[in-house]
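Pasting data26.txt here (compact mmCIF, C-alpha atoms):
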```txt
# COMPACT_ATOMS: atom_id res chain seq x y z
CA MET A 1 75.69 -173.61 -15.77
CA ARG A 2 75.40 -172.24 -19.29
CA ILE A 3 78.52 -171.47 -21.29
CA ALA A 4 78.38 -169.68 -24.64
CA THR A 5 81.13 -169.61 -27.24
CA LEU A 6 81.01 -166.58 -29.51
CA CYS A 7 82.25 -165.87 -33.03
CA GLY A 8 81.15 -163.85 -36.03
CA MET A 9 78.88 -166.45 -37.54
CA GLY A 10 78.31 -169.01 -34.84
CA PHE A 11 79.54 -172.16 -36.53
CA GLY A 12 83.27 -171.94 -37.25
CA THR A 13 85.43 -170.70 -34.43
CA SER A 14 82.63 -170.87 -31.86
CA MET A 15 81.80 -174.47 -32.78
CA MET A 16 85.43 -175.51 -32.54
CA LEU A 17 85.72 -173.80 -29.15
CA LYS A 18 82.60 -175.65 -28.05
CA LEU A 19 84.15 -178.99 -29.05
CA PHE A 20 87.29 -178.24 -27.03
CA ILE A 21 85.29 -177.06 -24.01
CA ASP A 22 82.97 -180.10 -24.14
CA ASP A 23 86.08 -182.32 -23.99
CA ILE A 24 87.58 -180.32 -21.13
CA LEU A 25 84.36 -180.36 -19.08
CA LYS A 26 84.03 -184.10 -19.57
CA ALA A 27 87.62 -184.66 -18.38
CA GLU A 28 87.08 -182.38 -15.39
CA GLY A 29 83.74 -183.96 -14.53
CA ILE A 30 81.92 -180.63 -14.80
CA LYS A 31 78.36 -180.54 -16.07
CA ALA A 32 77.51 -177.53 -18.22
CA GLU A 33 75.70 -176.72 -21.42
CA VAL A 34 77.95 -175.21 -24.11
CA ILE A 35 76.22 -173.29 -26.90
CA PRO A 36 77.81 -171.61 -29.94
CA TRP A 37 76.60 -168.05 -30.50
CA ASP A 38 77.05 -165.62 -33.35
CA LEU A 39 77.53 -161.87 -33.16
CA GLY A 40 74.25 -161.18 -34.96
CA THR A 41 71.97 -162.88 -32.47
CA PHE A 42 73.75 -163.19 -29.12
CA LYS A 43 72.42 -159.98 -27.62
CA GLY A 44 69.54 -160.62 -25.28
CA GLN A 45 70.56 -164.24 -24.70
CA GLN A 46 71.58 -165.50 -21.29
CA ALA A 47 74.75 -167.30 -20.32
CA ASP A 48 76.84 -167.56 -17.16
CA ILE A 49 80.11 -167.52 -19.06
CA ILE A 50 80.98 -166.32 -22.57
CA VAL A 51 84.16 -167.68 -24.16
CA ALA A 52 85.57 -165.92 -27.24
CA ALA A 53 88.72 -164.93 -29.08
CA MET A 54 90.67 -161.92 -27.73
CA ASP A 55 89.53 -159.90 -30.75
CA MET A 56 85.90 -160.22 -29.67
CA GLU A 57 86.48 -158.13 -26.56
CA MET A 58 84.91 -154.97 -28.00
CA HIS A 59 81.62 -156.81 -28.56
CA LEU A 60 81.47 -158.05 -24.98
CA ARG A 61 81.84 -154.89 -22.94
CA SER A 62 78.16 -154.59 -22.05
CA THR A 63 77.47 -158.21 -21.10
CA THR A 64 76.81 -159.22 -17.49
CA ALA A 65 78.20 -162.72 -18.08
CA ARG A 66 81.70 -163.65 -16.97
CA VAL A 67 83.85 -163.15 -20.09
CA VAL A 68 86.76 -165.47 -20.87
CA LEU A 69 89.05 -164.34 -23.70
CA ILE A 70 91.30 -166.86 -25.43
CA ARG A 71 94.53 -165.93 -27.17
CA ASN A 72 95.19 -169.26 -28.91
CA LEU A 73 91.94 -171.02 -29.80
CA VAL A 74 93.59 -174.38 -30.41
CA ASP A 75 95.58 -174.40 -27.17
CA LYS A 76 93.62 -176.74 -24.93
CA ALA A 77 95.81 -175.87 -21.95
CA GLU A 78 94.96 -172.16 -22.20
CA ILE A 79 91.25 -172.90 -22.74
CA ARG A 80 91.18 -175.37 -19.84
CA THR A 81 92.95 -173.07 -17.38
CA LYS A 82 90.81 -170.04 -18.12
CA VAL A 83 87.43 -171.75 -18.48
CA VAL A 84 87.82 -173.97 -15.41
CA ALA A 85 88.94 -170.95 -13.34
CA ALA A 86 85.84 -169.01 -14.42
CA ILE A 87 83.56 -171.95 -13.58
CA ARG A 88 85.15 -172.41 -10.13
CA GLU A 89 84.85 -168.69 -9.47
CA LEU A 90 81.13 -168.70 -10.31
CA GLN A 91 80.56 -171.89 -8.32
CA GLY A 92 82.36 -170.32 -5.37
CA ALA A 93 80.27 -167.17 -5.62
CA ALA A 94 77.07 -169.21 -5.80
CA GLY A 95 78.16 -171.38 -2.87
CA SER A 96 78.85 -168.43 -0.57
CA ALA A 97 75.72 -166.51 -1.51
CA MET B 5 87.34 -185.21 -44.68
CA LEU B 6 90.79 -184.02 -45.81
CA THR B 7 91.84 -185.92 -48.94
CA ALA B 8 94.62 -185.89 -51.53
CA GLU B 9 92.45 -183.37 -53.40
CA THR B 10 92.14 -180.93 -50.53
CA VAL B 11 95.61 -180.66 -49.01
CA ARG B 12 98.57 -178.77 -50.50
CA ALA B 13 101.98 -178.36 -48.91
CA GLN B 14 104.38 -175.42 -49.02
CA ILE B 15 102.68 -173.41 -51.72
CA ARG B 16 104.06 -169.98 -52.63
CA VAL B 17 101.77 -166.98 -52.23
CA ALA B 18 102.43 -163.27 -51.76
CA SER B 19 99.31 -162.13 -49.90
CA TRP B 20 96.44 -163.25 -47.65
CA GLU B 21 94.16 -163.02 -50.69
CA GLU B 22 96.29 -165.46 -52.67
CA ALA B 23 96.56 -167.76 -49.67
CA SER B 24 92.78 -167.76 -49.17
CA ARG B 25 92.17 -168.38 -52.86
CA ALA B 26 94.60 -171.29 -52.88
CA ALA B 27 92.72 -173.02 -50.05
CA GLY B 28 89.26 -172.12 -51.37
CA ASN B 29 90.04 -173.25 -54.89
CA LEU B 30 90.75 -176.76 -53.58
CA LEU B 31 87.13 -176.95 -52.40
CA VAL B 32 85.97 -175.74 -55.80
CA ALA B 33 88.20 -178.20 -57.68
CA ALA B 34 86.87 -181.03 -55.51
CA GLY B 35 83.33 -180.07 -56.51
CA SER B 36 82.39 -179.26 -52.90
CA ALA B 37 81.85 -175.51 -53.31
CA GLU B 38 81.06 -173.03 -56.05
CA PRO B 39 83.69 -170.52 -57.16
CA ARG B 40 81.76 -167.67 -55.51
CA TYR B 41 82.30 -169.34 -52.13
CA VAL B 42 85.99 -168.43 -52.31
CA ASP B 43 85.14 -164.73 -52.68
CA ALA B 44 82.56 -165.02 -49.92
CA MET B 45 85.17 -166.39 -47.49
CA MET B 46 87.40 -163.42 -48.22
CA ASP B 47 84.46 -161.01 -47.76
CA VAL B 48 83.78 -162.56 -44.34
CA LEU B 49 87.36 -161.93 -43.32
CA ARG B 50 87.15 -158.31 -44.49
CA GLU B 51 83.82 -157.77 -42.70
CA MET B 52 84.44 -159.61 -39.46
CA GLY B 53 88.08 -158.75 -39.02
CA PRO B 54 91.09 -160.95 -38.61
CA TYR B 55 89.84 -162.92 -35.57
CA ALA B 56 89.69 -165.86 -38.02
CA VAL B 57 93.41 -166.13 -37.28
CA ILE B 58 92.53 -168.46 -34.43
CA ALA B 59 96.04 -169.30 -33.23
CA PRO B 60 99.62 -168.29 -33.98
CA GLY B 61 100.07 -168.89 -37.72
CA ILE B 62 96.65 -170.53 -38.26
CA VAL B 63 93.65 -169.05 -40.08
CA LEU B 64 90.23 -170.70 -40.29
CA LEU B 65 88.28 -169.39 -43.28
CA HIS B 66 84.63 -170.00 -43.99
CA ALA B 67 81.47 -168.31 -45.22
CA ARG B 68 77.81 -169.25 -45.15
CA ARG B 69 76.16 -172.28 -46.69
CA GLU B 70 74.14 -170.05 -49.02
CA ASP B 71 77.37 -168.58 -50.35
CA GLY B 72 77.84 -171.72 -52.45
CA VAL B 73 78.62 -174.81 -50.36
CA ARG B 74 77.60 -178.05 -52.09
CA GLN B 75 78.66 -180.50 -49.38
CA PRO B 76 80.51 -180.32 -46.04
CA CYS B 77 84.14 -179.85 -46.90
CA LEU B 78 87.56 -178.97 -45.57
CA ALA B 79 90.84 -177.91 -47.22
CA LEU B 80 94.28 -177.37 -45.72
CA VAL B 81 97.18 -175.47 -47.26
CA THR B 82 100.61 -174.79 -45.79
CA LEU B 83 102.60 -171.81 -47.04
CA ALA B 84 106.28 -171.84 -47.97
CA THR B 85 106.52 -168.24 -46.78
CA PRO B 86 104.05 -167.03 -44.12
CA VAL B 87 101.87 -164.02 -45.00
CA PRO B 88 100.15 -161.50 -42.69
CA PHE B 89 96.34 -161.59 -42.33
CA GLY B 90 96.16 -158.44 -40.21
CA HIS B 91 96.03 -160.06 -36.76
CA ARG B 92 97.83 -158.24 -33.95
CA GLU B 93 99.38 -161.28 -32.33
CA ASN B 94 98.87 -164.39 -34.41
CA ASP B 95 100.41 -163.14 -37.68
CA PRO B 96 102.03 -164.22 -39.92
CA VAL B 97 99.99 -167.19 -41.11
CA ASP B 98 101.53 -170.36 -42.54
CA LEU B 99 98.55 -172.72 -42.19
CA VAL B 100 95.32 -171.94 -44.02
CA VAL B 101 92.15 -173.95 -43.41
CA ALA B 102 89.02 -173.49 -45.52
CA LEU B 103 85.75 -174.91 -44.23
CA GLY B 104 82.44 -175.35 -45.99
CA ALA B 105 79.48 -176.03 -43.74
CA VAL B 106 76.00 -177.01 -44.85
CA ASP B 107 74.34 -176.36 -41.52
CA LYS B 108 75.25 -175.71 -37.93
CA HIS B 109 75.38 -179.37 -37.01
CA ALA B 110 76.27 -181.39 -40.11
CA HIS B 111 79.80 -180.00 -40.22
CA VAL B 112 80.68 -180.91 -36.66
CA ALA B 113 82.51 -183.98 -37.99
CA ALA B 114 84.75 -181.70 -40.07
CA LEU B 115 85.42 -179.43 -37.11
CA GLN B 116 86.10 -182.41 -34.87
CA GLU B 117 88.71 -183.60 -37.33
CA LEU B 118 90.18 -180.12 -37.38
CA ALA B 119 90.11 -179.70 -33.61
CA ARG B 120 91.86 -183.04 -33.22
CA LEU B 121 94.65 -181.96 -35.58
CA LEU B 122 95.09 -178.35 -34.50
CA GLY B 123 94.78 -179.17 -30.81
CA ASP B 124 97.62 -181.69 -31.07
CA GLU B 125 101.04 -180.06 -30.93
CA ALA B 126 102.76 -183.10 -32.47
CA ALA B 127 100.26 -183.24 -35.35
CA LEU B 128 100.76 -179.52 -35.97
CA GLN B 129 104.51 -180.01 -36.14
CA ARG B 130 104.10 -182.80 -38.68
CA ILE B 131 101.73 -180.66 -40.76
CA ARG B 132 104.14 -177.72 -40.79
CA ALA B 133 107.14 -179.93 -41.52
CA ALA B 134 105.49 -181.70 -44.49
CA GLU B 135 107.44 -180.79 -47.62
CA ASN B 136 105.07 -182.25 -50.18
CA ASP B 137 101.39 -183.06 -50.58
CA ARG B 138 101.91 -186.73 -49.83
CA ASP B 139 103.65 -186.05 -46.50
CA LEU B 140 100.99 -183.51 -45.62
CA LEU B 141 98.24 -186.03 -46.26
CA LEU B 142 100.08 -188.52 -44.04
CA ALA B 143 100.42 -185.84 -41.37
CA VAL B 144 96.69 -185.15 -41.29
CA ARG B 145 95.86 -188.86 -41.34
CA PRO B 146 98.28 -190.31 -38.81
CA GLN B 147 96.08 -193.36 -38.33
CA GLU B 148 96.75 -194.38 -41.94
CA SER B 149 100.44 -193.56 -42.06
CA GLY B 150 101.48 -196.93 -40.70
CA ILE B 151 103.88 -195.32 -38.25
```
Here is the file; what I need is its structure written in the form of structure tokens.
Amino acid sequence: MRIATLCGMGFGTSMMLKLFIDDILKAEGIKAEVIPWDLGTFKGQQADIIVAAMDMEMHLRSTTARVVLIRNLVDKAEIRTKVVAAIRELQGAAGSA
Amino acid sequence: MLTAETVRAQIRVASWEEASRAAGNLLVAAGSAEPRYVDAMMDVLREMGPYAVIAPGIVLLHARREDGVRQPCLALVTLATPVPFGHRENDPVDLVVALGAVDKHAHVAALQELARLLGDEAALQRIRAAENDRDLLLAVRPQESGI
């Protein structure tokens, strides 16, 4: 499983999101790679899930990855709920295929 | 990474520009960034849009290393009166963070410190309640507060 976090430059917001998600995955016992992406270079890259701020929605309309949009980027509860749900959904889809 | 030099509590500003300058100038005064870095952070916000307002009342400002970062650095300013940064839901902002990164990986320590503080509701309350610089410094360094 490959999870990308997206922001304008790839090392501020996206890096902080990555740190939160790494923590959450560890606590949940889920193995996944989390990579910060920036808007300039993310097109053409592959990920199963892309996590970004709500405001990034317009940049993510054409992606085939599962998109998770976060309202409050420091709210671990919101990040955990949404990201874990997306992972379970993809795992479920893979399991039944 | 936050020090007595790089935190300021309850400052008075009238606009997002003044708020950004206040935080950025702390990095300059500490010798960690060049004056042009402050302008660059504001340009990034204008170009990229207000998504830098990462949570209700919290903005995370930064630009690129080549915009004048001398060493990894972090500044935190709280505002006496919140100001709008143009975000639909998370305005107005009362907590301004300025980050200087020297590369994608070397500043992870700074972001870890930030994530620890901002992800902790109790720490956030202490930061917002701090009435002076000393209390703010204690709020961001709970392990040294002796409480």
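Residue nearest chain B, chosen from A:Gln46, A:Thr81, A:Ser14, A:Gln91 and counting all atoms listed in the file: A:Ser14.
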Residues near A:Asp48, cut-off 10 Å, only C-alpha atoms, skip fewer than 3 positions along chain, as a ChimeraX atom specification: /A:1-4,64-67,86-87,90
Give me the residues near A:Leu69 as a ChimeraX atom specification, where near means some atom within 10 Å (using all atoms listed in the file) and where sequence neighbours in that chain fewer than 4 positions away do not count. /A:50-57,60,73,78-79,82-83
Next, dump the selected residues to file, keeping only C-alpha atoms, as a compact mmCIF listing (two decimals), in the frame of the given file.
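Result written to part03.txt:
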```txt
# COMPACT_ATOMS: atom_id res chain seq x y z
CA ILE A 50 80.98 -166.32 -22.57
CA VAL A 51 84.16 -167.68 -24.16
CA ALA A 52 85.57 -165.92 -27.24
CA ALA A 53 88.72 -164.93 -29.08
CA MET A 54 90.67 -161.92 -27.73
CA ASP A 55 89.53 -159.90 -30.75
CA MET A 56 85.90 -160.22 -29.67
CA GLU A 57 86.48 -158.13 -26.56
CA LEU A 60 81.47 -158.05 -24.98
CA LEU A 73 91.94 -171.02 -29.80
CA GLU A 78 94.96 -172.16 -22.20
CA ILE A 79 91.25 -172.90 -22.74
CA LYS A 82 90.81 -170.04 -18.12
CA VAL A 83 87.43 -171.75 -18.48
```
If I take atom CA of B:Glu9 and atom CA of B:Leu30, how far is one from the other in Å, to one decimal?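 So the two atoms, atom CA of B:Glu9 and atom CA of B:Leu30, lie 6.8 Å apart.
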Nearby residues (all atoms listed in the file) at most 9 Å from B:Ala67, same-chain spacing under 3 positions excluded, as a PDB file with C-alpha atoms, in the coordinates of the input:
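What ended up in part_20.pdb:
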```
ATOM      1  CA  MET A   9      78.880-166.450 -37.540  1.00  0.00           C
ATOM      2  CA  GLY A  12      83.270-171.940 -37.250  1.00  0.00           C
TER       3      GLY A  12
ATOM      4  CA  TYR B  41      82.300-169.340 -52.130  1.00  0.00           C
ATOM      5  CA  VAL B  42      85.990-168.430 -52.310  1.00  0.00           C
ATOM      6  CA  ALA B  44      82.560-165.020 -49.920  1.00  0.00           C
ATOM      7  CA  MET B  45      85.170-166.390 -47.490  1.00  0.00           C
ATOM      8  CA  MET B  46      87.400-163.420 -48.220  1.00  0.00           C
ATOM      9  CA  ASP B  47      84.460-161.010 -47.760  1.00  0.00           C
ATOM     10  CA  VAL B  48      83.780-162.560 -44.340  1.00  0.00           C
ATOM     11  CA  LEU B  49      87.360-161.930 -43.320  1.00  0.00           C
ATOM     12  CA  GLU B  70      74.140-170.050 -49.020  1.00  0.00           C
ATOM     13  CA  ASP B  71      77.370-168.580 -50.350  1.00  0.00           C
ATOM     14  CA  GLY B  72      77.840-171.720 -52.450  1.00  0.00           C
ATOM     15  CA  VAL B  73      78.620-174.810 -50.360  1.00  0.00           C
ATOM     16  CA  LEU B 103      85.750-174.910 -44.230  1.00  0.00           C
ATOM     17  CA  GLY B 104      82.440-175.350 -45.990  1.00  0.00           C
ATOM     18  CA  ALA B 105      79.480-176.030 -43.740  1.00  0.00           C
TER      19      ALA B 105
END
```
Can you tell me which residues surround stretch 115-123 of chain B at a distance of at most 9 Å, considering only C-alpha atoms, apart from same-chain residues fewer than 5 positions away, and format the answer as a short mmCIF file (atom, residue, chain, number, x, y, z; two decimals) with C-alpha atoms, in the coordinates of the input?
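Once written, selection23.cif looks like this:
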```cif
data_model
loop_
_atom_site.label_atom_id
_atom_site.label_comp_id
_atom_site.auth_asym_id
_atom_site.auth_seq_id
_atom_site.Cartn_x
_atom_site.Cartn_y
_atom_site.Cartn_z
CA GLY A 12 83.27 -171.94 -37.25
CA MET A 15 81.80 -174.47 -32.78
CA MET A 16 85.43 -175.51 -32.54
CA LEU A 17 85.72 -173.80 -29.15
CA LEU A 19 84.15 -178.99 -29.05
CA PHE A 20 87.29 -178.24 -27.03
CA LEU A 73 91.94 -171.02 -29.80
CA VAL A 74 93.59 -174.38 -30.41
CA ASP A 75 95.58 -174.40 -27.17
CA LYS A 76 93.62 -176.74 -24.93
CA MET B 5 87.34 -185.21 -44.68
CA LEU B 6 90.79 -184.02 -45.81
CA ILE B 62 96.65 -170.53 -38.26
CA LEU B 78 87.56 -178.97 -45.57
CA VAL B 101 92.15 -173.95 -43.41
CA LEU B 103 85.75 -174.91 -44.23
CA LEU B 128 100.76 -179.52 -35.97
CA ILE B 131 101.73 -180.66 -40.76
CA VAL B 144 96.69 -185.15 -41.29
#
```
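Residue nearest A:Phe42, chosen from A:Met58, A:Leu6, A:Ala94, A:Ile70 and counting only C-alpha atoms: A:Leu6.
Minimum distance to B:Ala26 across B:Leu83, B:Met52, B:Pro88, B:Ala127 (counting all atoms listed in the file) occurs at B:Leu83.
Picture a line from atom CA of B:Leu64 to atom CA of B:Ala126; it runs 19.3 Å.
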For a quick check of your reading of the model, name the residues lying within 9 Å of the coordinate (104.2, -171.2, -51.2), counting only C-alpha atoms, and write them as an MDAnalysis selection string. chainID B and resid 13:18 23 82:86
Residue nearest chain A - candidates B:Asp107, B:Ala59, B:Leu140, B:Val87, atoms counted: all atoms listed in the file: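 So, comparing all the options, the nearest one is B:Ala59.
Going from atom CA of A:Gly10 to atom CA of A:Ile49 covers 16.0 Å.
In terms of minimum interatomic distance to B:Gln75, B:Val106 ranks closest within B:Val106, B:Val32, B:Val63, B:Ala27, counting only C-alpha atoms.
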